[in-house]
>>> print(open('work13.txt').read())   # compact mmCIF, C-alpha atoms
# COMPACT_ATOMS: atom_id res chain seq x y z
CA MET A 1 -15.81 -23.76 -18.16
CA ILE A 2 -15.27 -25.65 -14.93
CA LYS A 3 -12.05 -27.59 -14.61
CA VAL A 4 -11.06 -30.46 -12.37
CA ARG A 5 -8.84 -28.05 -10.39
CA ASP A 6 -11.92 -25.91 -9.58
CA ILE A 7 -13.57 -28.95 -8.00
CA VAL A 8 -10.37 -29.78 -6.13
CA ALA A 9 -10.25 -26.24 -4.70
CA LEU A 10 -13.98 -26.14 -3.91
CA LEU A 11 -13.97 -29.44 -2.00
CA ASP A 12 -10.49 -28.96 -0.59
CA ALA A 13 -9.75 -32.36 -2.08
CA GLU A 14 -6.59 -34.44 -2.23
CA VAL A 15 -5.49 -35.70 -5.63
CA LEU A 16 -4.77 -39.39 -5.11
CA SER A 17 -4.17 -40.10 -8.78
CA GLY A 18 -4.36 -38.41 -12.19
CA GLU A 19 -2.55 -35.14 -11.40
CA ASN A 20 -2.23 -34.43 -15.12
CA LYS A 21 -6.02 -34.19 -15.49
CA LEU A 22 -6.46 -31.05 -13.40
CA ASP A 23 -7.04 -28.85 -16.42
CA GLU A 24 -9.65 -31.08 -18.03
CA GLU A 25 -13.18 -29.76 -18.25
CA VAL A 26 -15.87 -31.23 -16.01
CA LYS A 27 -19.12 -31.32 -17.94
CA SER A 28 -21.44 -33.13 -15.59
CA VAL A 29 -21.52 -34.72 -12.16
CA GLY A 30 -23.16 -37.69 -10.51
CA ALA A 31 -23.22 -39.43 -7.15
CA SER A 32 -23.67 -43.14 -6.54
CA ASP A 33 -22.41 -46.10 -4.57
CA MET A 34 -23.76 -48.60 -7.06
CA ILE A 35 -21.49 -49.70 -9.86
CA SER A 36 -24.33 -50.36 -12.28
CA ASP A 37 -25.67 -46.84 -11.78
CA ILE A 38 -22.27 -45.40 -12.55
CA LEU A 39 -22.06 -47.56 -15.66
CA ALA A 40 -25.52 -46.55 -16.81
CA LEU A 41 -25.38 -42.83 -16.15
CA THR A 42 -21.94 -41.81 -17.29
CA GLN A 43 -21.68 -39.04 -19.81
CA PRO A 44 -18.59 -37.58 -21.45
CA GLY A 45 -16.60 -35.43 -19.02
CA MET A 46 -18.43 -36.72 -15.97
CA VAL A 47 -17.13 -36.87 -12.41
CA VAL A 48 -18.85 -39.12 -9.87
CA LEU A 49 -18.89 -38.68 -6.09
CA THR A 50 -18.96 -41.92 -4.17
CA GLY A 51 -18.46 -43.49 -0.78
CA TYR A 52 -17.22 -46.60 -2.42
CA THR A 53 -13.50 -47.39 -2.33
CA TYR A 54 -12.88 -50.93 -3.57
CA PRO A 55 -10.52 -51.23 -6.60
CA GLN A 56 -13.61 -52.48 -8.43
CA VAL A 57 -14.95 -48.94 -8.75
CA ILE A 58 -11.86 -47.86 -10.70
CA ARG A 59 -12.32 -50.76 -13.10
CA SER A 60 -15.95 -49.89 -13.77
CA ALA A 61 -15.06 -46.22 -14.16
CA LEU A 62 -12.41 -47.13 -16.74
CA VAL A 63 -14.83 -49.32 -18.64
CA THR A 64 -17.31 -46.50 -18.97
CA ASP A 65 -14.80 -43.69 -19.69
CA LEU A 66 -15.59 -41.72 -16.57
CA LEU A 67 -13.47 -38.57 -16.19
CA GLY A 68 -12.89 -39.11 -12.49
CA LEU A 69 -14.11 -40.14 -9.05
CA VAL A 70 -14.33 -38.22 -5.80
CA VAL A 71 -14.29 -40.28 -2.62
CA VAL A 72 -16.28 -38.49 0.10
CA ARG A 73 -16.12 -38.32 3.93
CA GLY A 74 -12.36 -38.71 3.86
CA LYS A 75 -12.77 -42.46 3.60
CA ASN A 76 -9.79 -44.72 3.69
CA VAL A 77 -8.87 -45.72 0.16
CA ALA A 78 -7.07 -49.05 -0.07
CA PRO A 79 -3.53 -48.82 -1.45
CA GLU A 80 -4.56 -51.31 -4.18
CA THR A 81 -7.27 -48.91 -5.30
CA ILE A 82 -4.85 -46.01 -5.54
CA ALA A 83 -2.26 -48.18 -7.26
CA TYR A 84 -4.80 -49.38 -9.82
CA ALA A 85 -5.92 -45.79 -10.49
CA ARG A 86 -2.30 -44.63 -10.90
CA GLU A 87 -1.49 -47.51 -13.24
CA ASN A 88 -4.28 -46.36 -15.49
CA ASN A 89 -3.71 -42.64 -15.05
CA PHE A 90 -7.22 -42.28 -13.67
CA LEU A 91 -8.38 -39.18 -11.78
CA LEU A 92 -9.11 -40.06 -8.15
CA LEU A 93 -9.87 -37.35 -5.59
CA ARG A 94 -10.72 -37.47 -1.91
CA THR A 95 -12.56 -34.89 0.16
CA ARG A 96 -13.46 -34.76 3.86
CA GLY A 97 -16.85 -33.34 2.87
CA TYR A 98 -19.98 -35.49 3.10
CA LEU A 99 -21.74 -36.69 -0.03
CA TYR A 100 -24.73 -34.37 0.22
CA SER A 101 -22.75 -31.24 1.08
CA SER A 102 -20.13 -31.90 -1.57
CA CYS A 103 -22.82 -32.39 -4.22
CA GLY A 104 -24.49 -29.18 -3.11
CA LYS A 105 -21.29 -27.19 -3.42
CA ILE A 106 -20.63 -28.50 -6.92
CA TYR A 107 -24.24 -27.91 -7.96
CA SER A 108 -23.93 -24.30 -6.91
CA LEU A 109 -21.02 -23.93 -9.35
CA GLY A 110 -23.58 -24.52 -12.09
CA LEU A 111 -22.73 -28.14 -12.93
CA ARG A 112 -25.69 -30.46 -13.48
CA GLY A 113 -26.28 -34.20 -13.45
CA ALA A 114 -27.06 -36.82 -16.08
CA ASP A 115 -30.79 -36.04 -15.78
CA ALA A 116 -30.36 -32.37 -16.72
CA GLY A 117 -32.84 -31.39 -19.38
CA LYS A 118 -34.79 -34.62 -19.00
CA GLU A 119 -37.36 -33.32 -16.53
CA MET B 1 -45.28 -78.85 -39.25
CA PRO B 2 -43.85 -76.90 -42.17
CA GLU B 3 -41.86 -73.87 -41.14
CA ARG B 4 -44.12 -71.32 -42.80
CA ASN B 5 -47.26 -72.44 -41.01
CA LYS B 6 -45.44 -72.04 -37.74
CA LEU B 7 -44.32 -68.58 -38.77
CA SER B 8 -47.85 -67.41 -39.48
CA ARG B 9 -49.21 -68.93 -36.28
CA TYR B 10 -46.78 -66.97 -34.15
CA ALA B 11 -47.00 -63.86 -36.27
CA VAL B 12 -50.38 -63.00 -34.73
CA ILE B 13 -48.78 -62.65 -31.30
CA PHE B 14 -46.49 -59.98 -32.70
CA GLU B 15 -49.11 -58.02 -34.56
CA ASP B 16 -47.91 -54.71 -33.20
CA LEU B 17 -44.49 -55.23 -34.75
CA LYS B 18 -44.28 -53.24 -37.96
CA ALA B 19 -42.10 -53.76 -41.01
CA GLY B 20 -40.34 -50.50 -40.11
CA ASP B 21 -39.39 -51.90 -36.69
CA ILE B 22 -37.77 -55.05 -37.96
CA MET B 23 -36.33 -54.03 -41.31
CA SER B 24 -32.63 -53.74 -41.76
CA THR B 25 -31.74 -50.20 -42.79
CA ARG B 26 -28.34 -51.10 -44.16
CA VAL B 27 -29.53 -51.71 -47.65
CA VAL B 28 -27.02 -52.48 -50.33
CA GLU B 29 -28.57 -51.39 -53.61
CA ILE B 30 -27.22 -51.16 -57.14
CA ALA B 31 -27.96 -48.99 -60.17
CA ALA B 32 -29.85 -50.65 -63.02
CA ASP B 33 -27.39 -49.59 -65.74
CA LYS B 34 -24.40 -51.25 -64.04
CA LYS B 35 -23.06 -54.53 -65.32
CA ILE B 36 -24.24 -57.81 -63.85
CA ALA B 37 -20.58 -58.47 -63.00
CA HIS B 38 -20.75 -55.47 -60.65
CA ALA B 39 -23.71 -56.97 -58.84
CA LYS B 40 -21.87 -60.26 -58.55
CA GLU B 41 -18.84 -58.61 -56.92
CA LEU B 42 -20.93 -56.51 -54.58
CA MET B 43 -22.96 -59.49 -53.43
CA LYS B 44 -19.78 -61.43 -52.86
CA ILE B 45 -18.19 -58.67 -50.77
CA LYS B 46 -21.36 -58.00 -48.78
CA LYS B 47 -22.15 -61.70 -48.41
CA ILE B 48 -25.72 -61.22 -49.54
CA SER B 49 -27.80 -63.27 -51.94
CA GLY B 50 -29.82 -60.54 -53.56
CA MET B 51 -30.38 -56.79 -53.66
CA PRO B 52 -32.71 -54.07 -54.86
CA VAL B 53 -31.96 -52.38 -58.18
CA VAL B 54 -32.59 -48.63 -58.41
CA ASP B 55 -32.67 -45.92 -61.08
CA GLU B 56 -30.59 -42.74 -61.06
CA ASN B 57 -33.04 -41.19 -58.56
CA ARG B 58 -32.63 -44.19 -56.25
CA ARG B 59 -36.17 -45.32 -56.97
CA LEU B 60 -36.74 -49.05 -56.89
CA VAL B 61 -37.00 -50.57 -60.36
CA GLY B 62 -36.18 -54.22 -59.78
CA ILE B 63 -34.44 -56.85 -57.76
CA ILE B 64 -31.51 -59.09 -58.58
CA SER B 65 -30.76 -62.38 -56.89
CA ILE B 66 -27.97 -64.90 -56.94
CA GLU B 67 -30.05 -67.11 -59.26
CA ASP B 68 -30.08 -64.30 -61.84
CA ILE B 69 -26.31 -64.10 -61.61
CA ILE B 70 -25.83 -67.85 -62.00
CA HIS B 71 -28.05 -67.61 -65.05
CA ALA B 72 -25.96 -64.78 -66.47
CA LEU B 73 -22.77 -66.74 -65.89
CA GLU B 74 -24.25 -69.76 -67.58
CA PHE B 75 -25.26 -67.79 -70.66
CA ASN B 76 -22.20 -65.60 -70.67
CA THR B 77 -24.14 -62.37 -70.28
CA ILE B 78 -22.29 -61.22 -67.17
CA ASN B 79 -21.29 -57.93 -68.86
CA ASP B 80 -24.87 -57.01 -69.76
CA PRO B 81 -26.57 -54.25 -67.79
CA ILE B 82 -28.49 -55.41 -64.74
CA ARG B 83 -31.67 -53.91 -66.16
CA ARG B 84 -31.77 -56.71 -68.71
CA ILE B 85 -31.97 -59.60 -66.26
CA MET B 86 -33.39 -58.15 -63.03
CA SER B 87 -36.92 -59.05 -61.97
CA PRO B 88 -38.80 -55.82 -62.64
CA GLU B 89 -41.87 -56.79 -60.70
CA VAL B 90 -40.80 -56.37 -57.13
CA VAL B 91 -43.04 -57.27 -54.26
CA THR B 92 -42.52 -54.53 -51.71
CA LEU B 93 -43.51 -53.73 -48.17
CA ARG B 94 -44.35 -50.45 -46.46
CA ARG B 95 -43.01 -49.30 -43.12
CA ASP B 96 -46.33 -49.68 -41.34
CA ASP B 97 -47.16 -53.17 -42.62
CA PRO B 98 -47.72 -55.34 -39.53
CA LEU B 99 -45.70 -58.49 -38.97
CA PRO B 100 -48.46 -60.91 -40.06
CA ALA B 101 -48.59 -59.11 -43.43
CA VAL B 102 -44.82 -59.41 -43.72
CA VAL B 103 -44.91 -63.12 -42.93
CA ASP B 104 -47.72 -63.47 -45.45
CA LYS B 105 -45.45 -62.14 -48.17
CA PHE B 106 -42.80 -64.73 -47.32
CA GLU B 107 -45.42 -67.45 -47.55
CA SER B 108 -47.10 -66.25 -50.74
CA TYR B 109 -43.91 -65.58 -52.67
CA LYS B 110 -40.81 -67.68 -52.45
CA PHE B 111 -38.47 -64.70 -52.30
CA GLY B 112 -35.65 -64.41 -49.81
CA ARG B 113 -36.06 -60.67 -49.23
CA PHE B 114 -38.56 -57.89 -49.57
CA PRO B 115 -37.59 -54.24 -49.95
CA VAL B 116 -39.45 -51.71 -47.81
CA VAL B 117 -40.22 -48.56 -49.80
CA ASP B 118 -41.33 -45.05 -48.85
CA ASP B 119 -43.94 -42.88 -50.61
CA ASP B 120 -41.45 -41.86 -53.29
CA GLY B 121 -40.66 -45.46 -54.18
CA ARG B 122 -37.22 -45.26 -52.59
CA VAL B 123 -35.89 -48.20 -50.64
CA CYS B 124 -35.72 -47.38 -46.92
CA GLY B 125 -35.07 -50.90 -45.69
CA ILE B 126 -35.06 -54.56 -46.50
CA ILE B 127 -36.48 -57.57 -44.70
CA THR B 128 -35.14 -61.11 -44.73
CA LYS B 129 -36.24 -63.99 -42.55
CA GLU B 130 -33.30 -63.19 -40.33
CA ASP B 131 -34.77 -59.73 -39.70
CA ILE B 132 -38.09 -61.26 -38.65
CA LEU B 133 -36.26 -63.46 -36.17
CA HIS B 134 -34.37 -60.40 -34.87
CA GLY B 135 -37.60 -58.51 -34.42
CA ILE B 136 -39.26 -61.29 -32.50
CA LEU B 137 -36.24 -61.98 -30.31
CA GLU B 138 -35.87 -58.31 -29.54
CA LYS B 139 -39.48 -58.26 -28.47
CA PHE B 140 -38.84 -61.14 -26.10
CA ASN B 141 -35.41 -59.93 -25.13
CA LEU B 142 -35.05 -62.99 -23.09
CA ILE B 143 -35.73 -66.58 -23.84
CA TYR B 144 -35.99 -69.21 -21.23
CA ILE B 145 -35.17 -72.70 -22.34
CA HIS B 146 -36.96 -75.01 -19.98
CA ASP B 147 -37.19 -78.22 -21.90
CA GLN B 148 -34.61 -80.85 -22.72
CA LYS B 149 -33.35 -79.18 -25.86
CA ARG B 150 -30.38 -77.70 -24.09
CA THR B 151 -27.79 -79.54 -26.12
CA SER B 152 -29.16 -77.99 -29.26
CA THR B 153 -29.44 -74.49 -27.83
CA LEU B 154 -27.19 -73.60 -24.94
CA ASP B 155 -24.25 -75.59 -26.20
CA THR B 156 -24.67 -74.55 -29.76
CA GLU B 157 -21.90 -73.04 -31.81
CA TYR B 158 -24.46 -71.04 -33.72
CA SER B 159 -25.47 -67.52 -32.84
CA SER B 160 -28.83 -67.44 -31.09
CA ILE B 161 -29.52 -64.12 -32.79
CA THR B 162 -28.29 -64.44 -36.34
CA GLY B 163 -27.84 -68.17 -36.74
CA GLU B 164 -24.31 -67.72 -38.03
CA LYS B 165 -21.61 -70.08 -36.87
CA LEU B 166 -19.58 -68.84 -33.93
CA ASN B 167 -16.62 -71.05 -33.35
CA ALA B 168 -15.15 -70.43 -29.91
CA GLY B 169 -11.68 -71.23 -31.25
CA GLN B 170 -11.99 -68.44 -33.77
CA ALA B 171 -13.07 -65.72 -31.38
CA ASN B 172 -11.03 -62.52 -31.75
CA PHE B 173 -10.87 -62.27 -27.98
CA HIS B 174 -11.42 -64.78 -25.22
CA TYR B 175 -11.36 -64.45 -21.44
CA ARG B 176 -11.89 -67.17 -18.88
CA ILE B 177 -13.94 -65.77 -15.99
CA ASP B 178 -12.73 -66.64 -12.52
CA SER B 179 -16.09 -66.89 -10.85
CA GLY B 180 -14.62 -67.39 -7.41
CA ASP B 181 -12.93 -64.00 -7.29
CA ILE B 182 -15.20 -61.02 -6.75
CA ASP B 183 -12.21 -58.67 -6.79
CA ALA B 184 -11.39 -59.71 -10.33
CA ALA B 185 -14.96 -59.20 -11.57
CA GLY B 186 -14.97 -56.96 -14.60
CA SER B 187 -11.35 -57.68 -15.54
CA GLY B 188 -12.40 -59.47 -18.71
CA ALA B 189 -14.53 -56.52 -19.81
CA ALA B 190 -11.69 -54.12 -19.00
CA MET B 191 -9.29 -56.25 -21.06
CA LEU B 192 -11.73 -56.49 -23.93
CA LYS B 193 -12.14 -52.73 -23.88
CA GLN B 194 -8.37 -52.29 -23.94
CA PHE B 195 -8.14 -54.79 -26.80
CA LEU B 196 -10.63 -52.69 -28.80
CA ALA B 197 -9.21 -49.33 -27.78
CA GLY B 198 -6.05 -50.04 -29.73
CA LYS B 199 -7.97 -50.70 -32.93
CA ASN B 200 -9.29 -47.33 -33.97
CA PHE B 201 -12.98 -48.01 -33.43
CA HIS B 202 -15.34 -45.24 -32.42
CA ASN B 203 -15.15 -44.52 -28.66
CA ASP B 204 -18.87 -44.90 -28.25
CA ILE B 205 -19.07 -48.50 -29.45
CA VAL B 206 -15.98 -49.50 -27.46
CA ARG B 207 -17.56 -48.03 -24.35
CA ARG B 208 -20.91 -49.74 -24.98
CA VAL B 209 -19.17 -53.09 -25.44
CA GLY B 210 -17.19 -52.47 -22.25
CA VAL B 211 -20.18 -51.64 -20.07
CA ALA B 212 -22.49 -54.39 -21.35
CA THR B 213 -19.74 -57.00 -21.10
CA TYR B 214 -18.88 -55.78 -17.60
CA GLU B 215 -22.45 -56.39 -16.48
CA ALA B 216 -22.61 -59.83 -18.09
CA GLU B 217 -19.27 -60.80 -16.60
CA THR B 218 -20.09 -59.65 -13.06
CA ASN B 219 -23.37 -61.57 -13.28
CA VAL B 220 -21.37 -64.73 -13.90
CA VAL B 221 -19.09 -63.97 -10.95
CA ILE B 222 -21.90 -63.04 -8.56
CA HIS B 223 -24.63 -65.47 -9.51
CA SER B 224 -23.52 -68.42 -11.60
CA LYS B 225 -21.38 -70.42 -9.16
CA GLY B 226 -19.95 -71.98 -12.28
CA GLN B 227 -17.30 -71.62 -14.93
CA GLY B 228 -17.66 -68.80 -17.42
CA ASP B 229 -16.15 -67.46 -20.61
CA ILE B 230 -16.28 -64.24 -22.62
CA TYR B 231 -16.00 -64.55 -26.39
CA PHE B 232 -15.76 -61.61 -28.70
CA TYR B 233 -16.25 -61.84 -32.46
CA GLN B 234 -15.59 -59.06 -34.87
CA ASP B 235 -17.59 -59.05 -38.04
CA GLU B 236 -17.55 -56.67 -40.94
CA ASP B 237 -20.36 -54.52 -39.65
CA ARG B 238 -20.88 -55.68 -36.07
CA PHE B 239 -19.40 -57.02 -32.90
CA ILE B 240 -20.81 -60.08 -31.19
CA VAL B 241 -20.12 -60.66 -27.50
CA ARG B 242 -21.03 -63.96 -25.96
CA VAL B 243 -20.78 -64.58 -22.23
CA VAL B 244 -21.50 -68.18 -21.25
CA ASP B 245 -21.44 -70.09 -18.02
CA ASN B 246 -22.34 -73.57 -16.87
CA GLY B 247 -23.72 -72.38 -13.53
CA VAL B 248 -27.07 -72.37 -11.78
CA GLY B 249 -29.03 -70.48 -14.44
CA ILE B 250 -31.58 -67.74 -13.88
CA GLU B 251 -34.26 -68.66 -11.38
CA ASP B 252 -36.94 -66.13 -12.24
CA LEU B 253 -36.53 -64.34 -15.52
CA ASP B 254 -39.34 -61.87 -15.18
CA LYS B 255 -37.88 -60.63 -11.94
CA ALA B 256 -34.32 -60.65 -13.26
CA MET B 257 -35.46 -58.36 -16.07
CA LYS B 258 -36.92 -55.83 -13.65
CA GLU B 259 -34.78 -52.80 -12.89
CA GLY B 260 -33.82 -52.69 -9.25
CA TYR B 261 -34.41 -56.38 -8.58
CA SER B 262 -31.39 -58.27 -7.36
CA THR B 263 -30.68 -61.54 -5.61
CA ALA B 264 -27.12 -60.51 -4.75
CA PRO B 265 -26.16 -61.31 -1.15
CA ASP B 266 -25.17 -58.56 1.30
CA HIS B 267 -21.42 -59.06 1.05
CA ILE B 268 -21.73 -58.46 -2.69
CA ARG B 269 -23.94 -55.41 -2.25
CA GLU B 270 -21.39 -53.91 0.10
CA ARG B 271 -19.05 -53.87 -2.82
CA GLY B 272 -21.36 -51.76 -4.89
CA PHE B 273 -22.88 -54.59 -6.89
CA GLY B 274 -26.44 -55.84 -6.89
CA ALA B 275 -28.13 -52.63 -8.04
CA GLY B 276 -30.46 -54.80 -10.07
CA MET B 277 -29.43 -52.95 -13.20
CA GLY B 278 -27.33 -55.63 -14.85
CA ILE B 279 -29.71 -56.83 -17.52
CA ALA B 280 -31.16 -53.34 -17.91
CA ASN B 281 -27.70 -52.00 -18.65
CA MET B 282 -26.97 -54.79 -21.13
CA LYS B 283 -30.21 -53.94 -22.89
CA ARG B 284 -29.40 -50.27 -22.85
CA PHE B 285 -25.90 -50.58 -24.27
CA ALA B 286 -26.19 -53.49 -26.71
CA ASP B 287 -28.11 -53.18 -29.98
CA LYS B 288 -29.46 -56.69 -29.62
CA LEU B 289 -29.55 -58.92 -26.58
CA VAL B 290 -30.66 -62.49 -26.13
CA ILE B 291 -30.32 -64.45 -22.93
CA LEU B 292 -30.76 -68.19 -22.91
CA SER B 293 -30.91 -69.80 -19.53
CA GLU B 294 -31.90 -73.05 -17.96
CA LYS B 295 -32.08 -73.60 -14.26
CA GLY B 296 -29.17 -75.77 -13.19
CA ALA B 297 -27.58 -75.77 -16.63
CA GLY B 298 -26.19 -72.30 -17.16
CA THR B 299 -26.77 -69.07 -18.95
CA GLN B 300 -25.71 -67.71 -22.27
CA VAL B 301 -25.79 -64.00 -23.00
CA GLU B 302 -25.38 -62.91 -26.57
CA MET B 303 -25.10 -59.26 -27.54
CA ILE B 304 -24.71 -57.56 -30.88
CA PHE B 305 -23.26 -54.09 -31.38
CA TYR B 306 -23.54 -52.55 -34.83
CA LEU B 307 -20.65 -50.49 -36.07
CA PRO B 308 -21.71 -46.97 -37.09
CA THR B 309 -23.81 -47.09 -40.24
CA GLN B 310 -22.10 -46.39 -43.47
CA THR B 311 -23.98 -45.16 -46.47
CA TRP B 312 -22.90 -47.28 -49.37
CA PRO B 313 -22.13 -45.31 -52.49
CA LEU B 314 -24.44 -46.11 -55.35
CA ILE B 315 -22.32 -48.04 -57.79
>>> encode(input="work13.txt", output="structure tokens")
Amino acid sequence: MIKVRDIVALLDAEVLSGENKLDEEVKSVGASDMISDILALTQPGMVVLTGYTYPQVIRSALVTDLLGLVVVRGKNVAPETIAYARENNFLLLRTRGYLYSSCGKIYSLGLRGADAGKE
Amino acid sequence: MPERNKLSRYAVIFEDLKAGDIMSTRVVEIAADKKIAHAKELMKIKKISGMPVVDENRRLVGIISIEDIIHALEFNTINDPIRRIMSPEVVTLRRDDPLPAVVDKFESYKFGRFPVVDDDGRVCGIITKEDILHGILEKFNLIYIHDQKRTSTLDTEYSSITGEKLNAGQANFHYRIDSGDIDAAGSGAAMLKQFLAGKNFHNDIVRRVGVATYEAETNVVIHSKGQGDIYFYQDEDRFIVRVVDNGVGIEDLDKAMKEGYSTAPDHIRERGFGAGMGIANMKRFADKLVILSEKGAGTQVEMIFYLPTQTWPLI
């Protein structure tokens, strides 16, 4: 079982919000900068890597019951975004890693995406 | 032109629709040895006007309608077994009957419903005129109103899917969409989801309502340039979400339906919108979706979400 804290360690990520979710199980992973893709692809226990940092992304993640988001490339996250995530106890991580490399690291842990088993 | 001629004329276009595709699988049936009074109560609770009657092996043996019950009340036989007054000769359909054959049955017999039976004579579904309408609308998925009938369609208080009356004042939830504020886009959907989360519904349906409403709401904010509203109605077995606006309407429906097509401007895309998945996501997450739109007059999105199916005990 892979937990949120394993991802945090692997990506050397900061926990911007949702510290109490570190022991939850991550079941699948995705990467997208498009809100509609996130909405469409989410599965239970899914974490999504994104370069997108508007508060909007937190709202869409909450609507679709996403487990958490990882902001890549150490991007600046607006205080409103962090505040909104904290208000809703939503898991928000940030890594300095790039999108592709971060995905690759997580993939090598054995976690798969929403298309697993569909090919 | 009488309604039934129209029905059969259009039925040909939908030849590949089968009875099994359009039938409602939530069939309320009743055992033949129960009292007529039972049937009366069940029909009242379920708001239906007739139902199949089955034997102890759930095989179809008859049908009982509201007329039969009125008759029983009139002659004071309401405590008789259903077997005594049901119509034993039931006209049935099979799963693979094509739509024209289904419409034919409605024209040939003046019945309000036809049970669909399997090889063992058990009822696997039931078809009313409402189900035919569902089937056809689902096939279209999108209806473009381009004539002057707008006042009788877009502004209607009646559901474009089921025909039932939807009074905005009686919605269980209402949200006024601020279409000038891209940062607030999705707030209505988030609030609706929160509203439902406190009510003990299954997570899956709450999530589906949230996502589909989110897409409909952001469409109003991004595209409509008008005033919009979200209305949510809770029914016994389904949710209805209606998102209406009085904005510019949808310019090209065929394109709007295509996954990946978007007319969102760059400053919107920068914010992660405009994936061209809005309608696709609504379709994916709602059980039924109908969009009415007229250029320059607005758009109305109506979505139905069925609560998880319950198997009714045979009473």
>>> atom_distance(input="work13.txt", atom1="CA of Arg95 (chain B)", atom2="CA of Lys129 (chain B)")
16.2 Å
>>> interface_residues(input="work13.txt", of="chain B", to="chain A", cutoff="8 Å", atoms="only C-alpha atoms", output="list in words")
Asp183, Ala184, Ala185, Gly186, Ser187, Ala189, Ala190, Lys193, Arg207, Arg208, Gly210, Val211, Tyr214, Glu215, Arg271, Gly272, Phe273, Gly274, Ala275, Gly276, Met277, Gly278 and Asn281 of chain B
>>> closest_residue(input="work13.txt", among="A:Gly68, A:Met46, A:Val4, A:Lys27", to="Phe90 (chain A)", atoms="only C-alpha atoms")
A:Gly68
>>> atom_distance(input="work13.txt", atom1="CA of Leu111 (chain A)", atom2="CA of Asn88 (chain A)")
26.1 Å
>>> residues_around(input="work13.txt", residues="Ala297 (chain B)", least_positions_apart="3", cutoff="7 Å", atoms="all atoms listed in the file", output="list in words")
Asn246, Gly247, Val248, Gly249 and Glu294 of chain B
>>> atom_distance(input="work13.txt", atom1="CA of Ser108 (chain A)", atom2="CA of Thr50 (chain A)")
18.5 Å
>>> axis_aligned_box(input="work13.txt", around="region 53-72 of chain B", padding_each_side="3 Å", output="JSON")
{"center_x": -31.4, "center_y": -54.5, "center_z": -61.4, "size_x": 17.2, "size_y": 32.7, "size_z": 16.2}
>>> residues_near_point(input="work13.txt", point="(-10.4, -32.5, -2.4)", cutoff="9 Å", atoms="all atoms listed in the file", output="JSON, numbers by chain")
{"A": [7, 8, 9, 10, 11, 12, 13, 14, 15, 70, 71, 72, 93, 94, 95, 96, 97]}
>>> residues_near_point(input="work13.txt", point="(-20.6, -47.5, -30.9)", cutoff="10 Å", atoms="all atoms listed in the file", output="list in words")
Phe201, His202, Asn203, Asp204, Ile205, Val206, Arg207, Arg208, Val209, Arg238, Phe239, Phe285, Ala286, Asp287, Phe305, Tyr306, Leu307, Pro308 and Thr309 of chain B
>>> closest_residue(input="work13.txt", among="B:Thr128, B:Gln227, B:Asn79, B:Asn219", to="Arg176 (chain B)", atoms="only C-alpha atoms")
B:Gln227
>>> closest_residue(input="work13.txt", among="B:Leu137, B:Val102, B:Ala197, B:Ile127", to="Met51 (chain B)", atoms="all atoms listed in the file")
B:Ile127
>>> closest_residue(input="work13.txt", among="A:Val77, A:Val29, A:Ile82, A:Leu22", to="Gly110 (chain A)", atoms="all atoms listed in the file")
A:Val29
>>> closest_residue(input="work13.txt", among="A:Val47, A:Leu109, A:Leu16, A:Ala83", to="Leu69 (chain A)", atoms="only C-alpha atoms")
A:Val47
>>> residues_around(input="work13.txt", residues="Ala19 (chain B)", least_positions_apart="5", cutoff="12 Å", atoms="all atoms listed in the file", output="VMD selection string")
chain B and resid 14 24 to 25 92 to 103 105 114 to 118 124 to 129 131 to 132 134 to 136
>>> decode(input="work13.txt", residues="region 285-296 of chain B", atoms="C-alpha atoms", output="tab-separated table (two decimals), in the first residue's frame")
chain	number	residue	atom	x	y	z
B	285	PHE	CA	-21.99	11.79	-15.36
B	286	ALA	CA	-25.72	12.38	-15.80
B	287	ASP	CA	-28.13	9.54	-16.56
B	288	LYS	CA	-30.10	11.72	-18.92
B	289	LEU	CA	-29.16	15.01	-20.49
B	290	VAL	CA	-31.10	17.39	-22.68
B	291	ILE	CA	-29.83	20.75	-23.83
B	292	LEU	CA	-32.19	23.28	-25.33
B	293	SER	CA	-30.59	26.29	-26.88
B	294	GLU	CA	-31.46	29.11	-29.17
B	295	LYS	CA	-28.93	31.54	-30.52
B	296	GLY	CA	-29.38	34.87	-28.79
